[in-house]
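File shown: final-v5.pdb. Contents: PDB, C-alpha atoms.
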```
ATOM      1  CA  ALA L  20       0.000   0.000   0.000
ATOM      2  CA  GLN L  21       1.056   3.551  -0.646
ATOM      3  CA  SER L  22       2.463   5.631   2.157
ATOM      4  CA  VAL L  23       3.452   9.278   2.336
ATOM      5  CA  THR L  24       5.884  10.741   4.843
ATOM      6  CA  GLN L  25       6.088  14.431   5.627
ATOM      7  CA  LEU L  26       9.199  15.162   7.599
ATOM      8  CA  GLY L  27       8.422  17.660  10.324
ATOM      9  CA  SER L  28       4.949  18.118  11.733
ATOM     10  CA  HIS L  29       5.747  21.768  12.476
ATOM     11  CA  VAL L  30       7.928  24.169  10.512
ATOM     12  CA  SER L  31       8.573  27.736  11.582
ATOM     13  CA  VAL L  32      10.119  30.392   9.356
ATOM     14  CA  SER L  33      10.579  34.140   9.392
ATOM     15  CA  GLU L  34       8.676  36.317   6.972
ATOM     16  CA  GLY L  35      10.745  36.583   3.798
ATOM     17  CA  ALA L  36      12.663  33.361   4.430
ATOM     18  CA  LEU L  37      12.676  30.249   2.286
ATOM     19  CA  VAL L  38       9.927  27.717   2.912
ATOM     20  CA  LEU L  39      10.804  24.043   2.472
ATOM     21  CA  LEU L  40       8.278  21.334   3.299
ATOM     22  CA  ARG L  41       9.395  17.772   2.715
ATOM     23  CA  CYS L  42       7.424  14.886   1.268
ATOM     24  CA  ASN L  43       8.510  11.350   0.408
ATOM     25  CA  TYR L  44       6.382   8.541  -0.996
ATOM     26  CA  SER L  45       6.849   4.810  -0.835
ATOM     27  CA  SER L  46       5.715   3.471  -4.200
ATOM     28  CA  SER L  47       8.214   1.930  -6.609
ATOM     29  CA  VAL L  48       6.048   3.167  -9.481
ATOM     30  CA  PRO L  49       5.866   6.949  -9.341
ATOM     31  CA  PRO L  50       2.341   8.011  -8.463
ATOM     32  CA  TYR L  51       0.540  11.239  -9.192
ATOM     33  CA  LEU L  52       1.633  13.776  -6.574
ATOM     34  CA  PHE L  53      -0.291  16.601  -4.950
ATOM     35  CA  TRP L  54       0.147  19.336  -2.395
ATOM     36  CA  TYR L  55      -2.932  20.680  -0.640
ATOM     37  CA  VAL L  56      -3.183  23.559   1.827
ATOM     38  CA  GLN L  57      -5.718  23.835   4.641
ATOM     39  CA  TYR L  58      -6.428  27.179   6.243
ATOM     40  CA  PRO L  59      -8.247  27.196   9.599
ATOM     41  CA  ASN L  60     -11.913  26.255   9.253
ATOM     42  CA  GLN L  61     -11.604  25.870   5.504
ATOM     43  CA  GLY L  62     -11.492  22.938   3.123
ATOM     44  CA  LEU L  63      -8.396  21.565   1.484
ATOM     45  CA  GLN L  64      -7.266  23.609  -1.507
ATOM     46  CA  LEU L  65      -4.968  22.325  -4.231
ATOM     47  CA  LEU L  66      -1.627  24.136  -4.412
ATOM     48  CA  LEU L  67      -0.108  22.131  -7.239
ATOM     49  CA  LYS L  68       0.187  18.667  -8.704
ATOM     50  CA  TYR L  69       2.543  16.554 -10.775
ATOM     51  CA  THR L  70       1.084  14.151 -13.295
ATOM     52  CA  THR L  71       3.512  14.021 -16.196
ATOM     53  CA  GLY L  72       6.068  16.101 -18.063
ATOM     54  CA  ALA L  73       8.277  18.733 -16.461
ATOM     55  CA  THR L  74       9.328  17.666 -12.990
ATOM     56  CA  LEU L  75       9.350  21.208 -11.594
ATOM     57  CA  VAL L  76       5.758  22.211 -11.033
ATOM     58  CA  LYS L  77       4.572  25.704 -10.248
ATOM     59  CA  GLY L  78       1.455  26.307  -8.237
ATOM     60  CA  ILE L  79      -0.583  29.057  -6.703
ATOM     61  CA  ASN L  80       0.699  31.690  -4.279
ATOM     62  CA  GLY L  81       4.304  31.373  -5.460
ATOM     63  CA  PHE L  82       4.770  27.744  -4.401
ATOM     64  CA  GLU L  83       6.556  25.154  -6.466
ATOM     65  CA  ALA L  84       7.571  21.526  -6.063
ATOM     66  CA  GLU L  85      10.011  19.246  -7.790
ATOM     67  CA  PHE L  86       9.441  15.574  -8.447
ATOM     68  CA  LYS L  87      12.636  13.570  -7.949
ATOM     69  CA  LYS L  88      12.149   9.961  -8.901
ATOM     70  CA  SER L  89      15.530   8.814  -7.624
ATOM     71  CA  GLU L  90      14.747  10.219  -4.197
ATOM     72  CA  THR L  91      10.997   9.357  -4.236
ATOM     73  CA  SER L  92      10.421  12.937  -3.146
ATOM     74  CA  PHE L  93       8.138  15.858  -3.938
ATOM     75  CA  HIS L  94       9.281  18.685  -1.687
ATOM     76  CA  LEU L  95       7.375  21.979  -1.630
ATOM     77  CA  THR L  96       9.217  25.295  -1.686
ATOM     78  CA  LYS L  97       8.563  29.006  -1.741
ATOM     79  CA  PRO L  98      11.439  31.467  -1.981
ATOM     80  CA  SER L  99       9.993  34.075   0.380
ATOM     81  CA  ALA L 100       7.418  33.333   3.061
ATOM     82  CA  HIS L 101       4.496  35.631   3.689
ATOM     83  CA  MET L 102       2.408  35.838   6.827
ATOM     84  CA  SER L 103      -0.597  34.625   4.824
ATOM     85  CA  ASP L 104       1.213  31.326   4.111
ATOM     86  CA  ALA L 105       0.611  30.179   7.683
ATOM     87  CA  ALA L 106      -1.529  27.055   7.335
ATOM     88  CA  GLU L 107      -1.329  23.273   7.329
ATOM     89  CA  TYR L 108       0.101  21.619   4.238
ATOM     90  CA  PHE L 109      -0.607  18.091   3.086
ATOM     91  CA  CYS L 110       1.242  16.018   0.551
ATOM     92  CA  ALA L 111      -0.863  13.347  -1.156
ATOM     93  CA  VAL L 112      -0.428  10.651  -3.789
ATOM     94  CA  SER L 113      -2.688   8.693  -6.070
ATOM     95  CA  ASP L 114      -1.814   5.515  -7.950
ATOM     96  CA  ARG L 115      -1.596   5.976 -11.692
ATOM     97  CA  ALA L 116      -3.818   2.981 -12.321
ATOM     98  CA  SER L 117      -6.472   4.004  -9.837
ATOM     99  CA  TYR L 118      -9.622   6.074  -9.876
ATOM    100  CA  GLY L 119      -8.110   8.807  -7.738
ATOM    101  CA  LYS L 120      -8.109   7.603  -4.155
ATOM    102  CA  LEU L 121      -5.721   9.918  -2.339
ATOM    103  CA  THR L 122      -3.282   8.809   0.337
ATOM    104  CA  PHE L 123      -2.216  11.740   2.493
ATOM    105  CA  GLY L 124       0.764  12.476   4.663
ATOM    106  CA  GLN L 125       0.192  13.518   8.254
ATOM    107  CA  GLY L 126       0.522  17.213   7.443
ATOM    108  CA  THR L 127       2.969  19.992   8.265
ATOM    109  CA  ILE L 128       1.871  23.098  10.115
ATOM    110  CA  LEU L 129       3.712  26.136   8.805
ATOM    111  CA  THR L 130       4.138  29.085  11.124
ATOM    112  CA  VAL L 131       5.432  32.391   9.769
ATOM    113  CA  HIS L 132       6.699  34.915  12.270
ATOM    114  CA  PRO L 133       7.513  38.579  11.645
TER     115      PRO L 133
ATOM    116  CA  GLY Q  16     -19.328  28.966  -9.080
ATOM    117  CA  ALA Q  17     -20.503  26.880  -6.163
ATOM    118  CA  GLY Q  18     -17.999  24.556  -4.605
ATOM    119  CA  VAL Q  19     -18.536  21.421  -2.574
ATOM    120  CA  SER Q  20     -20.788  22.014   0.392
ATOM    121  CA  GLN Q  21     -21.283  19.899   3.488
ATOM    122  CA  THR Q  22     -23.932  19.999   6.170
ATOM    123  CA  PRO Q  23     -23.981  20.302   9.053
ATOM    124  CA  SER Q  24     -20.710  22.074   9.674
ATOM    125  CA  ASN Q  25     -20.699  20.770  13.237
ATOM    126  CA  LYS Q  26     -22.515  17.864  14.829
ATOM    127  CA  VAL Q  27     -22.489  16.904  18.480
ATOM    128  CA  THR Q  28     -24.124  13.629  19.404
ATOM    129  CA  GLU Q  29     -24.182  11.094  22.189
ATOM    130  CA  LYS Q  30     -22.574   7.712  22.089
ATOM    131  CA  GLY Q  31     -24.912   5.185  20.515
ATOM    132  CA  LYS Q  32     -26.878   7.653  18.429
ATOM    133  CA  TYR Q  33     -27.299   7.658  14.646
ATOM    134  CA  VAL Q  34     -25.975  10.521  12.497
ATOM    135  CA  GLU Q  35     -26.173  11.544   8.857
ATOM    136  CA  LEU Q  36     -23.673  13.791   7.143
ATOM    137  CA  ARG Q  37     -24.516  15.367   3.800
ATOM    138  CA  CYS Q  38     -22.335  16.311   0.857
ATOM    139  CA  ASP Q  39     -23.332  18.401  -2.165
ATOM    140  CA  PRO Q  40     -20.646  18.016  -4.841
ATOM    141  CA  ILE Q  41     -19.869  20.402  -7.639
ATOM    142  CA  SER Q  42     -22.598  20.153 -10.251
ATOM    143  CA  GLY Q  43     -21.741  17.676 -12.991
ATOM    144  CA  HIS Q  44     -18.984  15.903 -11.091
ATOM    145  CA  THR Q  45     -19.506  12.165 -11.335
ATOM    146  CA  ALA Q  46     -16.785  11.176  -8.867
ATOM    147  CA  LEU Q  47     -17.346  11.699  -5.150
ATOM    148  CA  TYR Q  48     -15.070  10.762  -2.259
ATOM    149  CA  TRP Q  49     -15.420  10.689   1.507
ATOM    150  CA  TYR Q  50     -12.422  11.034   3.806
ATOM    151  CA  ARG Q  51     -12.047  11.183   7.558
ATOM    152  CA  GLN Q  52      -9.517  13.421   9.287
ATOM    153  CA  SER Q  53      -8.693  12.719  12.906
ATOM    154  CA  LEU Q  54      -6.979  15.317  15.050
ATOM    155  CA  GLY Q  55      -3.365  15.798  14.031
ATOM    156  CA  GLN Q  56      -3.605  13.417  11.079
ATOM    157  CA  GLY Q  57      -4.004  13.653   7.345
ATOM    158  CA  PRO Q  58      -7.309  12.701   5.760
ATOM    159  CA  GLU Q  59      -7.959   8.977   5.315
ATOM    160  CA  PHE Q  60     -10.025   7.548   2.496
ATOM    161  CA  LEU Q  61     -13.425   6.079   3.323
ATOM    162  CA  ILE Q  62     -15.419   5.517   0.135
ATOM    163  CA  TYR Q  63     -15.548   6.425  -3.551
ATOM    164  CA  PHE Q  64     -18.656   6.840  -5.702
ATOM    165  CA  GLN Q  65     -18.733   6.857  -9.461
ATOM    166  CA  GLY Q  66     -22.210   8.083 -10.314
ATOM    167  CA  THR Q  67     -24.710   6.321  -8.084
ATOM    168  CA  GLY Q  68     -22.582   3.326  -7.252
ATOM    169  CA  ALA Q  69     -20.030   2.851  -4.507
ATOM    170  CA  ALA Q  70     -17.042   1.725  -6.547
ATOM    171  CA  ASP Q  71     -14.726   1.322  -3.572
ATOM    172  CA  ASP Q  72     -15.845   1.209   0.050
ATOM    173  CA  SER Q  73     -12.692  -0.430   1.351
ATOM    174  CA  GLY Q  74     -11.937   2.470   3.673
ATOM    175  CA  LEU Q  75     -15.106   2.240   5.731
ATOM    176  CA  PRO Q  76     -13.898   1.161   9.183
ATOM    177  CA  ASN Q  77     -16.761  -1.221   9.983
ATOM    178  CA  ASP Q  78     -20.388  -1.997   9.216
ATOM    179  CA  ARG Q  79     -21.653   0.904  11.315
ATOM    180  CA  PHE Q  80     -20.642   3.172   8.452
ATOM    181  CA  PHE Q  81     -22.652   3.365   5.259
ATOM    182  CA  ALA Q  82     -22.936   5.892   2.434
ATOM    183  CA  VAL Q  83     -25.365   6.448  -0.419
ATOM    184  CA  ARG Q  84     -25.619   8.587  -3.512
ATOM    185  CA  PRO Q  85     -29.009   7.635  -4.936
ATOM    186  CA  GLU Q  86     -29.247  10.139  -7.782
ATOM    187  CA  GLY Q  87     -25.592  10.543  -8.560
ATOM    188  CA  SER Q  88     -25.246  13.967  -6.988
ATOM    189  CA  VAL Q  89     -25.828  14.474  -3.239
ATOM    190  CA  SER Q  90     -24.271  11.877  -0.965
ATOM    191  CA  THR Q  91     -25.054  10.995   2.626
ATOM    192  CA  LEU Q  92     -22.659   9.303   5.024
ATOM    193  CA  LYS Q  93     -24.524   7.432   7.724
ATOM    194  CA  ILE Q  94     -23.047   6.288  11.024
ATOM    195  CA  GLN Q  95     -24.998   3.972  13.300
ATOM    196  CA  ARG Q  96     -24.397   3.444  17.034
ATOM    197  CA  THR Q  97     -21.776   6.168  17.151
ATOM    198  CA  GLU Q  98     -18.710   5.692  19.317
ATOM    199  CA  ARG Q  99     -16.365   8.264  20.813
ATOM    200  CA  GLY Q 100     -13.680   7.097  18.389
ATOM    201  CA  ASP Q 101     -15.827   8.273  15.491
ATOM    202  CA  SER Q 102     -15.133  11.874  16.490
ATOM    203  CA  ALA Q 103     -13.313  13.479  13.570
ATOM    204  CA  VAL Q 104     -13.769  15.850  10.655
ATOM    205  CA  TYR Q 105     -15.498  14.156   7.744
ATOM    206  CA  LEU Q 106     -14.472  15.568   4.387
ATOM    207  CA  CYS Q 107     -16.182  15.195   1.056
ATOM    208  CA  ALA Q 108     -14.518  15.811  -2.304
ATOM    209  CA  SER Q 109     -15.642  15.629  -5.898
ATOM    210  CA  SER Q 110     -13.920  15.535  -9.271
ATOM    211  CA  PRO Q 111     -15.243  15.669 -12.836
ATOM    212  CA  LEU Q 112     -14.845  12.058 -13.952
ATOM    213  CA  GLY Q 113     -12.682  10.205 -11.464
ATOM    214  CA  GLY Q 114      -9.092   9.370 -12.265
ATOM    215  CA  GLY Q 115      -5.758   9.529 -10.562
ATOM    216  CA  ALA Q 116      -4.608  12.742 -12.216
ATOM    217  CA  GLU Q 117      -7.750  14.742 -11.536
ATOM    218  CA  THR Q 118      -7.917  17.471  -8.957
ATOM    219  CA  GLN Q 119     -10.309  16.689  -6.140
ATOM    220  CA  TYR Q 120     -12.282  19.654  -4.808
ATOM    221  CA  PHE Q 121     -12.923  19.471  -1.090
ATOM    222  CA  GLY Q 122     -15.757  20.751   1.014
ATOM    223  CA  PRO Q 123     -15.175  22.467   4.373
ATOM    224  CA  GLY Q 124     -15.972  19.301   6.284
ATOM    225  CA  THR Q 125     -18.347  18.251   9.040
ATOM    226  CA  ARG Q 126     -16.831  18.211  12.494
ATOM    227  CA  LEU Q 127     -18.404  15.312  14.415
ATOM    228  CA  LEU Q 128     -18.080  15.088  18.175
ATOM    229  CA  VAL Q 129     -19.399  12.011  19.942
ATOM    230  CA  LEU Q 130     -19.815  12.482  23.693
TER     231      LEU Q 130
END
```
Can I see the file as structure tokens?
Amino acid sequence: AQSVTQLGSHVSVSEGALVLLRCNYSSSVPPYLFWYVQYPNQGLQLLLKYTTGATLVKGINGFEAEFKKSETSFHLTKPSAHMSDAAEYFCAVSDRASYGKLTFGQGTILTVHP
Amino acid sequence: GAGVSQTPSNKVTEKGKYVELRCDPISGHTALYWYRQSLGQGPEFLIYFQGTGAADDSGLPNDRFFAVRPEGSVSTLKIQRTERGDSAVYLCASSPLGGGAETQYFGPGTRLLVL
């Protein structure tokens, strides 16, 4: 079965600093890869996804992620954090042969301090 | 346009009671998913509908949980004889056709508390 590991349940950065949230998956066949963000009392919102093609994917709000097959990773980055980026971030995967069932990591809470 | 909506937003019930949670997907989306998110965890898959049929219910934890989607749009998740361990946020998502590459659009969730 698929598993997703997000290293670090809490990440704290200063405003303007680099954001790096880590995600590794377990499958030997690369799955489809997603990053979702959850703001307090709101639903999950897609930030970006990798399905095929270019391995560096750009998403909303200045975030991007790079699929690295050799490292089974899909880390999320943003060059300069903003206070509004404070939220919980979830990495998720879906098998390429499946109907779309998502397997999520445990989430990383991002705190941005002035 | 309207997104996925879920009602109620909060539900408090007593152990042993029956509850129903409703999901209104985005109009025209044939694929509908239910997930459960416990405190401090990522969402976990419960059940997938393609149209009116439950194509995969392998994530339902036991036979107290049941879900329907009789007309291929609105779905109801039903929990019988609730237990304190059922307390969680129940999330619904929909996507246009179903498929691993599709984006799933999530509702705000129903927060269930079983006392």
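Any residue of chain Q with an atom within 6 Å of chain L counts; using only C-alpha atoms, that gives Gln56, Gly57, Gly113, Gly114, Gly115, Ala116, Phe121, Gly122 and Pro123 of chain Q.
Residue nearest His101 in chain L, chosen from L:Asn80, L:Ser45, L:Thr74, L:Ser22 and counting all atoms listed in the file: L:Asn80.
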Å distance separating CA of Val89 in chain Q from CA of Tyr58 in chain L, one decimal place: 25.1 Å
What is the CA of Trp54 in chain L-CA of Ser24 in chain Q distance in Å, reported with one decimal? 24.3 Å
Residues selected by the PyMOL selection byres ((chain Q and resi 50-55) around 7), written as number ranges by chain: Q: 48-49, 56-61, 103-107
Please write as a VMD selection string the full residue list that the PyMOL selection byres ((chain Q and resi 35-40) around 9) yields on this file. chain Q and resid 17 to 23 26 33 to 34 41 to 47 49 88 to 95 105 to 110 120 to 122 124 to 125
Axis-aligned box over every listed atom of range 47-53 of chain Q, padded by 5 Å per side: centre and edges in Å to one decimal, as AutoDock Vina command-line options?
```
--center_x -13.0 --center_y 12.1 --center_z 3.9 --size_x 18.7 --size_y 12.7 --size_z 28.1
```
Extract, using all atoms listed in the file, all DNA, RNA and protein residues at most 10 Å from Pro133 in chain L, discarding same-chain residues fewer than 5 positions from it, and format them as a CSV table (one decimal) with C-alpha atoms, keeping the file's coordinate frame.
```csv
chain,number,residue,atom,x,y,z
L,32,VAL,CA,10.1,30.4,9.4
L,33,SER,CA,10.6,34.1,9.4
L,34,GLU,CA,8.7,36.3,7.0
L,35,GLY,CA,10.7,36.6,3.8
L,101,HIS,CA,4.5,35.6,3.7
L,102,MET,CA,2.4,35.8,6.8
```
Assuming the chain letters and numbering stay as they are in my file, what does the PyMOL selection byres ((chain L and resi 86-90) around 9) actually select? List them as a VMD selection string. chain L and resid 43 49 52 69 73 to 76 84 to 85 91 to 94
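Interatomic distance, CA of Asp71 in chain Q to CA of Ser46 in chain L: 20.6 Å.
Distance annotation: of Q:Arg99, Q:Arg126, Q:Arg84, Q:Lys32, the residue with the minimal separation from Gln65 in chain Q is Q:Arg84; atom set is only C-alpha atoms.
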How would range 103-114 of chain L read, as an mmCIF file, in the frame of the given file, once all heavy atoms are built in?
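For reference, result22.cif as written:
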```cif
data_model
loop_
_atom_site.group_PDB
_atom_site.id
_atom_site.type_symbol
_atom_site.label_atom_id
_atom_site.label_comp_id
_atom_site.auth_asym_id
_atom_site.auth_seq_id
_atom_site.Cartn_x
_atom_site.Cartn_y
_atom_site.Cartn_z
ATOM 1 N N SER L 103 0.622 35.312 5.267
ATOM 2 C CA SER L 103 -0.597 34.625 4.824
ATOM 3 C C SER L 103 -0.353 33.157 4.444
ATOM 4 O O SER L 103 -1.305 32.429 4.191
ATOM 5 C CB SER L 103 -1.202 35.355 3.629
ATOM 6 O OG SER L 103 -0.284 35.372 2.559
ATOM 7 N N ASP L 104 0.909 32.733 4.417
ATOM 8 C CA ASP L 104 1.213 31.326 4.111
ATOM 9 C C ASP L 104 1.018 30.418 5.325
ATOM 10 O O ASP L 104 1.079 29.185 5.193
ATOM 11 C CB ASP L 104 2.657 31.180 3.616
ATOM 12 C CG ASP L 104 2.885 31.880 2.284
ATOM 13 O OD1 ASP L 104 1.946 31.905 1.463
ATOM 14 O OD2 ASP L 104 4.005 32.402 2.086
ATOM 15 N N ALA L 105 0.809 30.984 6.483
ATOM 16 C CA ALA L 105 0.611 30.179 7.683
ATOM 17 C C ALA L 105 -0.634 29.324 7.524
ATOM 18 O O ALA L 105 -1.745 29.835 7.331
ATOM 19 C CB ALA L 105 0.490 31.077 8.900
ATOM 20 N N ALA L 106 -0.450 28.013 7.581
ATOM 21 C CA ALA L 106 -1.529 27.055 7.335
ATOM 22 C C ALA L 106 -0.961 25.657 7.546
ATOM 23 O O ALA L 106 0.204 25.488 7.903
ATOM 24 C CB ALA L 106 -2.057 27.193 5.906
ATOM 25 N N GLU L 107 -1.797 24.659 7.304
ATOM 26 C CA GLU L 107 -1.329 23.273 7.329
ATOM 27 C C GLU L 107 -1.251 22.757 5.893
ATOM 28 O O GLU L 107 -2.167 22.975 5.102
ATOM 29 C CB GLU L 107 -2.247 22.380 8.168
ATOM 30 C CG GLU L 107 -1.668 20.993 8.385
ATOM 31 C CD GLU L 107 -2.302 20.233 9.540
ATOM 32 O OE1 GLU L 107 -3.409 20.608 9.973
ATOM 33 O OE2 GLU L 107 -1.683 19.251 10.010
ATOM 34 N N TYR L 108 -0.169 22.084 5.591
ATOM 35 C CA TYR L 108 0.101 21.619 4.238
ATOM 36 C C TYR L 108 0.138 20.091 4.215
ATOM 37 O O TYR L 108 0.772 19.464 5.063
ATOM 38 C CB TYR L 108 1.424 22.191 3.730
ATOM 39 C CG TYR L 108 1.362 23.691 3.540
ATOM 40 C CD1 TYR L 108 1.471 24.551 4.629
ATOM 41 C CD2 TYR L 108 1.161 24.235 2.281
ATOM 42 C CE1 TYR L 108 1.392 25.927 4.460
ATOM 43 C CE2 TYR L 108 1.089 25.615 2.098
ATOM 44 C CZ TYR L 108 1.194 26.447 3.195
ATOM 45 O OH TYR L 108 1.106 27.811 3.019
ATOM 46 N N PHE L 109 -0.540 19.536 3.216
ATOM 47 C CA PHE L 109 -0.607 18.091 3.086
ATOM 48 C C PHE L 109 -0.077 17.658 1.727
ATOM 49 O O PHE L 109 -0.499 18.185 0.693
ATOM 50 C CB PHE L 109 -2.054 17.596 3.218
ATOM 51 C CG PHE L 109 -2.628 17.753 4.584
ATOM 52 C CD1 PHE L 109 -3.360 18.879 4.912
ATOM 53 C CD2 PHE L 109 -2.432 16.767 5.546
ATOM 54 C CE1 PHE L 109 -3.898 19.031 6.180
ATOM 55 C CE2 PHE L 109 -2.965 16.914 6.814
ATOM 56 C CZ PHE L 109 -3.699 18.043 7.134
ATOM 57 N N CYS L 110 0.798 16.687 1.756
ATOM 58 C CA CYS L 110 1.242 16.018 0.551
ATOM 59 C C CYS L 110 0.351 14.788 0.350
ATOM 60 O O CYS L 110 -0.018 14.131 1.330
ATOM 61 C CB CYS L 110 2.700 15.599 0.711
ATOM 62 S SG CYS L 110 3.421 14.770 -0.710
ATOM 63 N N ALA L 111 0.000 14.497 -0.882
ATOM 64 C CA ALA L 111 -0.863 13.347 -1.156
ATOM 65 C C ALA L 111 -0.446 12.689 -2.458
ATOM 66 O O ALA L 111 0.123 13.339 -3.345
ATOM 67 C CB ALA L 111 -2.328 13.779 -1.235
ATOM 68 N N VAL L 112 -0.750 11.397 -2.573
ATOM 69 C CA VAL L 112 -0.428 10.651 -3.789
ATOM 70 C C VAL L 112 -1.640 9.851 -4.225
ATOM 71 O O VAL L 112 -2.520 9.525 -3.426
ATOM 72 C CB VAL L 112 0.763 9.694 -3.581
ATOM 73 C CG1 VAL L 112 1.987 10.449 -3.092
ATOM 74 C CG2 VAL L 112 0.418 8.564 -2.633
ATOM 75 N N SER L 113 -1.646 9.542 -5.520
ATOM 76 C CA SER L 113 -2.688 8.693 -6.070
ATOM 77 C C SER L 113 -2.040 7.764 -7.082
ATOM 78 O O SER L 113 -1.226 8.204 -7.894
ATOM 79 C CB SER L 113 -3.766 9.582 -6.685
ATOM 80 O OG SER L 113 -4.276 9.072 -7.839
ATOM 81 N N ASP L 114 -2.382 6.477 -7.006
ATOM 82 C CA ASP L 114 -1.814 5.515 -7.950
ATOM 83 C C ASP L 114 -2.228 5.835 -9.376
ATOM 84 O O ASP L 114 -3.382 6.191 -9.625
ATOM 85 C CB ASP L 114 -2.295 4.102 -7.617
ATOM 86 C CG ASP L 114 -1.625 3.545 -6.389
ATOM 87 O OD1 ASP L 114 -0.538 4.026 -6.039
ATOM 88 O OD2 ASP L 114 -2.197 2.628 -5.774
#
```
